[in-house]
Amino acid sequence: ITTCHNLTDLAGLANLQTIGGQLYLDNNNGLTSLDGLDNLESFIGNLVIKYHSNLSDISALSNLSSIGGGNVIIEQNTSLASLSGLDNIDPASIYNLTITSNSVLTECAIASVCGYLDSSTGNINISNNMSDCGSRSVVEAACLLLPVDLIKFDVEVEEEVHVVIWVTASEENNLGFEIQRSSNGVDWDMIGFEYGAGTYDLVSEYAFVDERPINGYNYYRLQQEDFDGTIVYSDVRVVEKIVPEVQVYPNP
């Protein structure tokens, strides 16, 4: 999808779950987000997002988990401040990584990038972004500060309940996770708490069952808390509870 300056959304792709080749987005100046790609889970090839002047939000890619050994290229997106949305890509599915010349990009230390930097043998170019994303060494240092390496966060619908699932690759001084739910993505309530593993260098798996999801859209996030009180929030996941239609007829 390239050089479509009047294209303002990708809503027509809402049913897209997988692609047999690459995802290439280039020079679409009407796009401010990638909403419409919310259900995309995998593809085989490069992930290219470049030359967008108004794209500020790529969180719609949060369900993307694998790119099948392709390159990740995030380049010259002048309104993009965060890579949040690429968090759940399996680092092992990335071949080369380029994050360059995104003039306001400040958040690069996400799980997929940190995991790739920790184990990659591919080519890496991180340069000419804002200071916190200015170079590979700066991003690696920021990755070391993350108390929890969250590599998966998802919500599954099972009959009448929603199951919140998350996986960590490592934890440091992690007291635990407060599971939060919202009906509008703005106002949040605690619906559960799971204690963390403290400091642990191996994979840990967690699950929480929401036995009483609300009718309509349910937004979920994790509030991770350190022993010293430091709090970090996960990305948001949303699922819908469909209410069966009930009719009483005739009346009278």
# chains A, B, ... in the order shown; residues from 1 in each chain; ligands from 1

call {"tool": "select_by_dssp", "arguments": {"residues": "region 18-243 of chain A", "states": "strand (DSSP E or B)", "output": "number ranges by chain"}}
result
A: 18-19, 23-26, 33, 42-43, 47-52, 57, 66, 70-77, 82, 94-100, 107, 124-127, 135, 148-158, 161-182, 189-200, 204-210, 216-226, 231-233, 237-241

call {"tool": "residues_around", "arguments": {"residues": "region 220-227 of chain A", "least_positions_apart": "4", "cutoff": "10 Å", "atoms": "only C-alpha atoms", "output": "compact mmCIF listing (two decimals) with N, CA, C and O atoms, in the first residue's frame"}}
result
# COMPACT_ATOMS: atom_id res chain seq x y z
N PRO A 147 11.62 -4.00 33.92
CA PRO A 147 11.56 -5.00 34.98
C PRO A 147 11.03 -6.34 34.51
O PRO A 147 11.34 -7.37 35.08
N VAL A 148 10.18 -6.33 33.48
CA VAL A 148 9.57 -7.55 32.98
C VAL A 148 9.65 -7.57 31.47
O VAL A 148 9.30 -6.59 30.80
N PHE A 153 0.84 -11.32 25.39
CA PHE A 153 -0.30 -10.86 26.18
C PHE A 153 -1.52 -10.97 25.29
O PHE A 153 -1.58 -10.34 24.23
N ASP A 154 -2.49 -11.77 25.69
CA ASP A 154 -3.65 -12.02 24.84
C ASP A 154 -4.86 -12.34 25.71
O ASP A 154 -4.74 -12.63 26.90
N VAL A 155 -6.04 -12.26 25.09
CA VAL A 155 -7.29 -12.60 25.76
C VAL A 155 -8.04 -13.57 24.86
O VAL A 155 -8.26 -13.28 23.68
N VAL A 164 -7.45 -14.29 30.30
CA VAL A 164 -6.32 -13.38 30.07
C VAL A 164 -5.03 -14.18 30.23
O VAL A 164 -4.80 -14.80 31.27
N TRP A 166 -0.71 -14.26 29.67
CA TRP A 166 0.51 -13.53 29.38
C TRP A 166 1.73 -14.38 29.74
O TRP A 166 1.65 -15.26 30.58
N GLU A 171 12.03 -11.72 34.54
CA GLU A 171 11.46 -10.75 35.47
C GLU A 171 12.55 -10.30 36.44
O GLU A 171 13.45 -11.07 36.77
N GLU A 172 12.43 -9.05 36.88
CA GLU A 172 13.39 -8.52 37.85
C GLU A 172 12.62 -7.72 38.90
O GLU A 172 11.95 -6.73 38.57
N ASN A 173 12.70 -8.17 40.16
CA ASN A 173 12.04 -7.49 41.28
C ASN A 173 10.56 -7.29 41.03
O ASN A 173 9.98 -6.26 41.38
N ASN A 174 9.92 -8.29 40.42
CA ASN A 174 8.52 -8.17 40.04
C ASN A 174 7.60 -8.66 41.16
O ASN A 174 7.57 -9.85 41.46
N LEU A 175 6.86 -7.73 41.77
CA LEU A 175 5.90 -8.10 42.80
C LEU A 175 4.72 -8.85 42.19
O LEU A 175 4.29 -9.89 42.71
N GLY A 176 4.18 -8.32 41.08
CA GLY A 176 3.04 -9.00 40.49
C GLY A 176 2.31 -8.16 39.47
O GLY A 176 2.74 -7.06 39.09
N PHE A 177 1.17 -8.69 39.02
CA PHE A 177 0.38 -8.09 37.96
C PHE A 177 -1.05 -7.86 38.45
O PHE A 177 -1.71 -8.79 38.90
N GLU A 178 -1.49 -6.64 38.33
CA GLU A 178 -2.89 -6.33 38.56
C GLU A 178 -3.61 -6.40 37.22
O GLU A 178 -3.23 -5.72 36.27
N ILE A 179 -4.64 -7.25 37.13
CA ILE A 179 -5.40 -7.37 35.90
C ILE A 179 -6.52 -6.34 35.93
O ILE A 179 -7.30 -6.31 36.89
N GLN A 180 -6.58 -5.49 34.91
CA GLN A 180 -7.54 -4.41 34.88
C GLN A 180 -8.46 -4.55 33.66
O GLN A 180 -8.03 -5.01 32.60
N ARG A 181 -9.72 -4.13 33.84
CA ARG A 181 -10.71 -4.20 32.77
C ARG A 181 -11.44 -2.87 32.66
O ARG A 181 -11.63 -2.16 33.65
N SER A 182 -11.85 -2.56 31.42
CA SER A 182 -12.57 -1.31 31.17
C SER A 182 -13.65 -1.57 30.13
O SER A 182 -13.52 -2.46 29.28
N SER A 183 -14.70 -0.79 30.19
CA SER A 183 -15.75 -0.87 29.18
C SER A 183 -15.56 0.14 28.07
O SER A 183 -16.24 0.07 27.04
N GLY A 185 -12.06 1.71 27.57
CA GLY A 185 -10.64 1.95 27.31
C GLY A 185 -10.08 3.14 28.04
O GLY A 185 -8.91 3.49 27.85
N TRP A 188 -10.68 2.33 34.31
CA TRP A 188 -10.21 0.96 34.57
C TRP A 188 -10.56 0.50 35.98
O TRP A 188 -10.50 1.29 36.93
N ASP A 189 -10.90 -0.79 36.10
CA ASP A 189 -11.16 -1.43 37.38
C ASP A 189 -10.27 -2.65 37.53
O ASP A 189 -10.03 -3.38 36.56
N MET A 190 -9.80 -2.89 38.75
CA MET A 190 -9.04 -4.11 39.02
C MET A 190 -10.01 -5.28 39.15
O MET A 190 -10.99 -5.21 39.89
N ILE A 191 -9.72 -6.37 38.41
CA ILE A 191 -10.56 -7.56 38.51
C ILE A 191 -9.78 -8.76 39.04
O ILE A 191 -10.35 -9.83 39.23
N GLY A 192 -8.49 -8.58 39.27
CA GLY A 192 -7.69 -9.68 39.80
C GLY A 192 -6.25 -9.29 39.99
O GLY A 192 -5.81 -8.21 39.53
N PHE A 193 -5.50 -10.14 40.67
CA PHE A 193 -4.07 -9.90 40.89
C PHE A 193 -3.35 -11.25 40.89
O PHE A 193 -3.82 -12.23 41.46
N GLU A 194 -2.21 -11.28 40.20
CA GLU A 194 -1.37 -12.47 40.17
C GLU A 194 0.04 -12.09 40.63
O GLU A 194 0.63 -11.14 40.07
N TYR A 195 0.56 -12.78 41.62
CA TYR A 195 1.91 -12.49 42.10
C TYR A 195 2.94 -12.89 41.04
O TYR A 195 2.78 -13.89 40.34
N GLY A 196 4.00 -12.08 40.92
CA GLY A 196 5.07 -12.36 39.97
C GLY A 196 6.10 -13.32 40.53
O GLY A 196 5.98 -13.83 41.65
N GLY A 198 9.26 -12.52 41.15
CA GLY A 198 10.39 -11.82 41.75
C GLY A 198 11.44 -11.54 40.70
O GLY A 198 11.21 -10.82 39.73
N ILE A 231 5.44 1.22 38.69
CA ILE A 231 4.33 0.64 37.95
C ILE A 231 4.55 0.83 36.46
O ILE A 231 4.95 1.91 36.00
N VAL A 232 4.30 -0.23 35.69
CA VAL A 232 4.37 -0.19 34.23
C VAL A 232 3.10 -0.85 33.68
O VAL A 232 2.66 -1.88 34.21
N TYR A 233 2.52 -0.26 32.63
CA TYR A 233 1.31 -0.82 32.03
C TYR A 233 1.64 -1.54 30.73
O TYR A 233 2.53 -1.15 29.98
N SER A 234 0.88 -2.59 30.48
CA SER A 234 1.00 -3.31 29.22
C SER A 234 0.20 -2.61 28.13
O SER A 234 -0.51 -1.62 28.40
N ASP A 235 0.27 -3.13 26.91
CA ASP A 235 -0.65 -2.72 25.87
C ASP A 235 -2.06 -3.16 26.26
O ASP A 235 -2.26 -3.93 27.20
N VAL A 236 -3.03 -2.69 25.50
CA VAL A 236 -4.44 -3.01 25.75
C VAL A 236 -4.93 -4.05 24.76
O VAL A 236 -4.58 -4.02 23.57
N ARG A 237 -5.71 -5.00 25.25
CA ARG A 237 -6.37 -5.98 24.40
C ARG A 237 -7.89 -5.80 24.55
O ARG A 237 -8.36 -5.48 25.64
N VAL A 238 -8.62 -6.02 23.47
CA VAL A 238 -10.07 -5.84 23.53
C VAL A 238 -10.76 -7.03 22.88
O VAL A 238 -10.34 -7.51 21.83
N VAL A 239 -11.78 -7.54 23.54
CA VAL A 239 -12.64 -8.60 23.00
C VAL A 239 -14.08 -8.20 23.27
O VAL A 239 -14.37 -7.40 24.17

call {"tool": "residues_around", "arguments": {"residues": "region 29-39 of chain A", "least_positions_apart": "3", "cutoff": "8 Å", "atoms": "only C-alpha atoms", "output": "number ranges by chain"}}
result
A: 3-17, 52-64

call {"tool": "closest_residue", "arguments": {"among": "A:Val48, A:Leu105, A:Val72, A:Val248", "to": "Cys133 (chain A)", "atoms": "only C-alpha atoms"}}
result
A:Leu105

call {"tool": "atom_distance", "arguments": {"atom1": "CA of Asn46 (chain A)", "atom2": "CA of Asn28 (chain A)"}}
result
17.7 Å

call {"tool": "residues_around", "arguments": {"residues": "Ile126 (chain A)", "least_positions_apart": "2", "cutoff": "10 Å", "atoms": "only C-alpha atoms", "output": "list in words"}}
result
Ile74, Glu75, Leu97, Thr98, Ile99, Thr100, Ser101, Cys108, Ile124, Asn128, Asn129, Cys133, Gly134, Ser135, Arg136, Ser137, Val138 and Val139 of chain A

call {"tool": "residues_around", "arguments": {"residues": "Asn184 (chain A)", "least_positions_apart": "4", "cutoff": "8 Å", "atoms": "only C-alpha atoms", "output": "PyMOL selection string"}}
result
chain A and resi 217-219

call {"tool": "atom_distance", "arguments": {"atom1": "CA of Glu107 (chain A)", "atom2": "CA of Val167 (chain A)"}}
result
21.3 Å

call {"tool": "closest_residue", "arguments": {"among": "A:Asn71, A:Leu80, A:Val161, A:Ala142", "to": "Ala92 (chain A)", "atoms": "only C-alpha atoms"}}
result
A:Asn71

call {"tool": "residues_around", "arguments": {"residues": "Glu158 (chain A)", "least_positions_apart": "6", "cutoff": "12 Å", "atoms": "only C-alpha atoms", "output": "PDB file with all heavy atoms, in the first residue's frame"}}
result
ATOM      1  N   VAL A 164      -7.445 -14.293  30.300  1.00  0.00           N
ATOM      2  CA  VAL A 164      -6.321 -13.378  30.066  1.00  0.00           C
ATOM      3  C   VAL A 164      -5.028 -14.176  30.230  1.00  0.00           C
ATOM      4  O   VAL A 164      -4.798 -14.795  31.268  1.00  0.00           O
ATOM      5  CB  VAL A 164      -6.353 -12.197  31.057  1.00  0.00           C
ATOM      6  CG1 VAL A 164      -5.226 -11.208  30.746  1.00  0.00           C
ATOM      7  CG2 VAL A 164      -7.710 -11.499  31.010  1.00  0.00           C
ATOM      8  N   VAL A 209      -8.815 -15.937  34.724  1.00  0.00           N
ATOM      9  CA  VAL A 209     -10.133 -16.140  34.132  1.00  0.00           C
ATOM     10  C   VAL A 209     -11.084 -15.044  34.615  1.00  0.00           C
ATOM     11  O   VAL A 209     -11.333 -14.917  35.826  1.00  0.00           O
ATOM     12  CB  VAL A 209     -10.699 -17.519  34.491  1.00  0.00           C
ATOM     13  CG1 VAL A 209     -12.098 -17.684  33.886  1.00  0.00           C
ATOM     14  CG2 VAL A 209      -9.768 -18.630  33.998  1.00  0.00           C
ATOM     15  N   ASP A 210     -11.566 -14.269  33.672  1.00  0.00           N
ATOM     16  CA  ASP A 210     -12.612 -13.282  33.968  1.00  0.00           C
ATOM     17  C   ASP A 210     -13.953 -13.997  33.810  1.00  0.00           C
ATOM     18  O   ASP A 210     -14.442 -14.204  32.698  1.00  0.00           O
ATOM     19  CB  ASP A 210     -12.516 -12.104  33.004  1.00  0.00           C
ATOM     20  CG  ASP A 210     -13.564 -11.027  33.292  1.00  0.00           C
ATOM     21  OD1 ASP A 210     -14.297 -11.153  34.286  1.00  0.00           O
ATOM     22  OD2 ASP A 210     -13.646 -10.068  32.501  1.00  0.00           O
ATOM     23  N   GLU A 211     -14.538 -14.386  34.931  1.00  0.00           N
ATOM     24  CA  GLU A 211     -15.746 -15.198  34.901  1.00  0.00           C
ATOM     25  C   GLU A 211     -17.002 -14.384  34.630  1.00  0.00           C
ATOM     26  O   GLU A 211     -18.049 -14.959  34.303  1.00  0.00           O
ATOM     27  CB  GLU A 211     -15.891 -15.954  36.219  1.00  0.00           C
ATOM     28  CG  GLU A 211     -14.756 -16.945  36.471  1.00  0.00           C
ATOM     29  CD  GLU A 211     -14.930 -17.707  37.764  1.00  0.00           C
ATOM     30  OE1 GLU A 211     -15.773 -17.278  38.598  1.00  0.00           O
ATOM     31  OE2 GLU A 211     -14.230 -18.724  37.955  1.00  0.00           O
ATOM     32  N   ARG A 212     -16.911 -13.067  34.758  1.00  0.00           N
ATOM     33  CA  ARG A 212     -18.088 -12.220  34.543  1.00  0.00           C
ATOM     34  C   ARG A 212     -17.751 -11.035  33.637  1.00  0.00           C
ATOM     35  O   ARG A 212     -17.782  -9.879  34.066  1.00  0.00           O
ATOM     36  CB  ARG A 212     -18.631 -11.722  35.879  1.00  0.00           C
ATOM     37  CG  ARG A 212     -19.145 -12.830  36.794  1.00  0.00           C
ATOM     38  CD  ARG A 212     -19.703 -12.268  38.089  1.00  0.00           C
ATOM     39  NE  ARG A 212     -20.230 -13.327  38.948  1.00  0.00           N
ATOM     40  CZ  ARG A 212     -20.764 -13.104  40.146  1.00  0.00           C
ATOM     41  NH1 ARG A 212     -20.810 -11.862  40.634  1.00  0.00           N
ATOM     42  NH2 ARG A 212     -21.225 -14.119  40.869  1.00  0.00           N
ATOM     43  N   PRO A 213     -17.397 -11.299  32.382  1.00  0.00           N
ATOM     44  CA  PRO A 213     -17.136 -10.181  31.463  1.00  0.00           C
ATOM     45  C   PRO A 213     -18.401  -9.361  31.241  1.00  0.00           C
ATOM     46  O   PRO A 213     -19.524  -9.880  31.351  1.00  0.00           O
ATOM     47  CB  PRO A 213     -16.676 -10.878  30.182  1.00  0.00           C
ATOM     48  CG  PRO A 213     -17.211 -12.271  30.280  1.00  0.00           C
ATOM     49  CD  PRO A 213     -17.244 -12.605  31.733  1.00  0.00           C
ATOM     50  N   VAL A 239     -11.785  -7.542  23.541  1.00  0.00           N
ATOM     51  CA  VAL A 239     -12.638  -8.598  23.001  1.00  0.00           C
ATOM     52  C   VAL A 239     -14.082  -8.196  23.268  1.00  0.00           C
ATOM     53  O   VAL A 239     -14.372  -7.402  24.166  1.00  0.00           O
ATOM     54  CB  VAL A 239     -12.347  -9.981  23.616  1.00  0.00           C
ATOM     55  CG1 VAL A 239     -10.962 -10.463  23.238  1.00  0.00           C
ATOM     56  CG2 VAL A 239     -12.509  -9.951  25.127  1.00  0.00           C
ATOM     57  N   GLU A 240     -14.982  -8.767  22.506  1.00  0.00           N
ATOM     58  CA  GLU A 240     -16.400  -8.417  22.621  1.00  0.00           C
ATOM     59  C   GLU A 240     -17.194  -9.598  23.153  1.00  0.00           C
ATOM     60  O   GLU A 240     -17.042 -10.724  22.677  1.00  0.00           O
ATOM     61  CB  GLU A 240     -16.961  -8.001  21.264  1.00  0.00           C
ATOM     62  CG  GLU A 240     -18.411  -7.520  21.327  1.00  0.00           C
ATOM     63  CD  GLU A 240     -18.936  -7.052  19.984  1.00  0.00           C
ATOM     64  OE1 GLU A 240     -18.230  -7.269  18.970  1.00  0.00           O
ATOM     65  OE2 GLU A 240     -20.042  -6.494  19.944  1.00  0.00           O
ATOM     66  N   LYS A 241     -18.045  -9.331  24.131  1.00  0.00           N
ATOM     67  CA  LYS A 241     -18.998 -10.327  24.603  1.00  0.00           C
ATOM     68  C   LYS A 241     -20.309 -10.095  23.873  1.00  0.00           C
ATOM     69  O   LYS A 241     -20.930  -9.031  24.007  1.00  0.00           O
ATOM     70  CB  LYS A 241     -19.214 -10.230  26.116  1.00  0.00           C
ATOM     71  CG  LYS A 241     -20.231 -11.259  26.626  1.00  0.00           C
ATOM     72  CD  LYS A 241     -20.462 -11.126  28.123  1.00  0.00           C
ATOM     73  CE  LYS A 241     -21.506 -12.153  28.574  1.00  0.00           C
ATOM     74  NZ  LYS A 241     -21.811 -12.026  30.022  1.00  0.00           N
TER      75      LYS A 241
END

call {"tool": "closest_residue", "arguments": {"among": "A:Asn251, A:Ser42, A:Ser66, A:Thr78", "to": "Gly20 (chain A)", "atoms": "only C-alpha atoms"}}
result
A:Ser42

call {"tool": "select_by_dssp", "arguments": {"residues": "region 79-140 of chain A", "states": "alpha helix (DSSP H)", "output": "MDAnalysis selection string"}}
result
chainID A and resid 111:119 136:140

call {"tool": "residues_around", "arguments": {"residues": "Val203 (chain A)", "least_positions_apart": "4", "cutoff": "10 Å", "atoms": "only C-alpha atoms", "output": "list in words"}}
result
Asp149, Leu150, Ile151, Val167, Thr168, Ala169, Ser170 and Glu171 of chain A

call {"tool": "closest_residue", "arguments": {"among": "A:Ile73, A:Leu40, A:Gly45, A:Tyr51", "to": "Asn27 (chain A)", "atoms": "only C-alpha atoms"}}
result
A:Tyr51

call {"tool": "atom_distance", "arguments": {"atom1": "CA of Ser82 (chain A)", "atom2": "CA of Val163 (chain A)"}}
result
27.7 Å

call {"tool": "closest_residue", "arguments": {"among": "A:Val186, A:Val157, A:Ile49, A:Cys114", "to": "Asn102 (chain A)", "atoms": "only C-alpha atoms"}}
result
A:Ile49
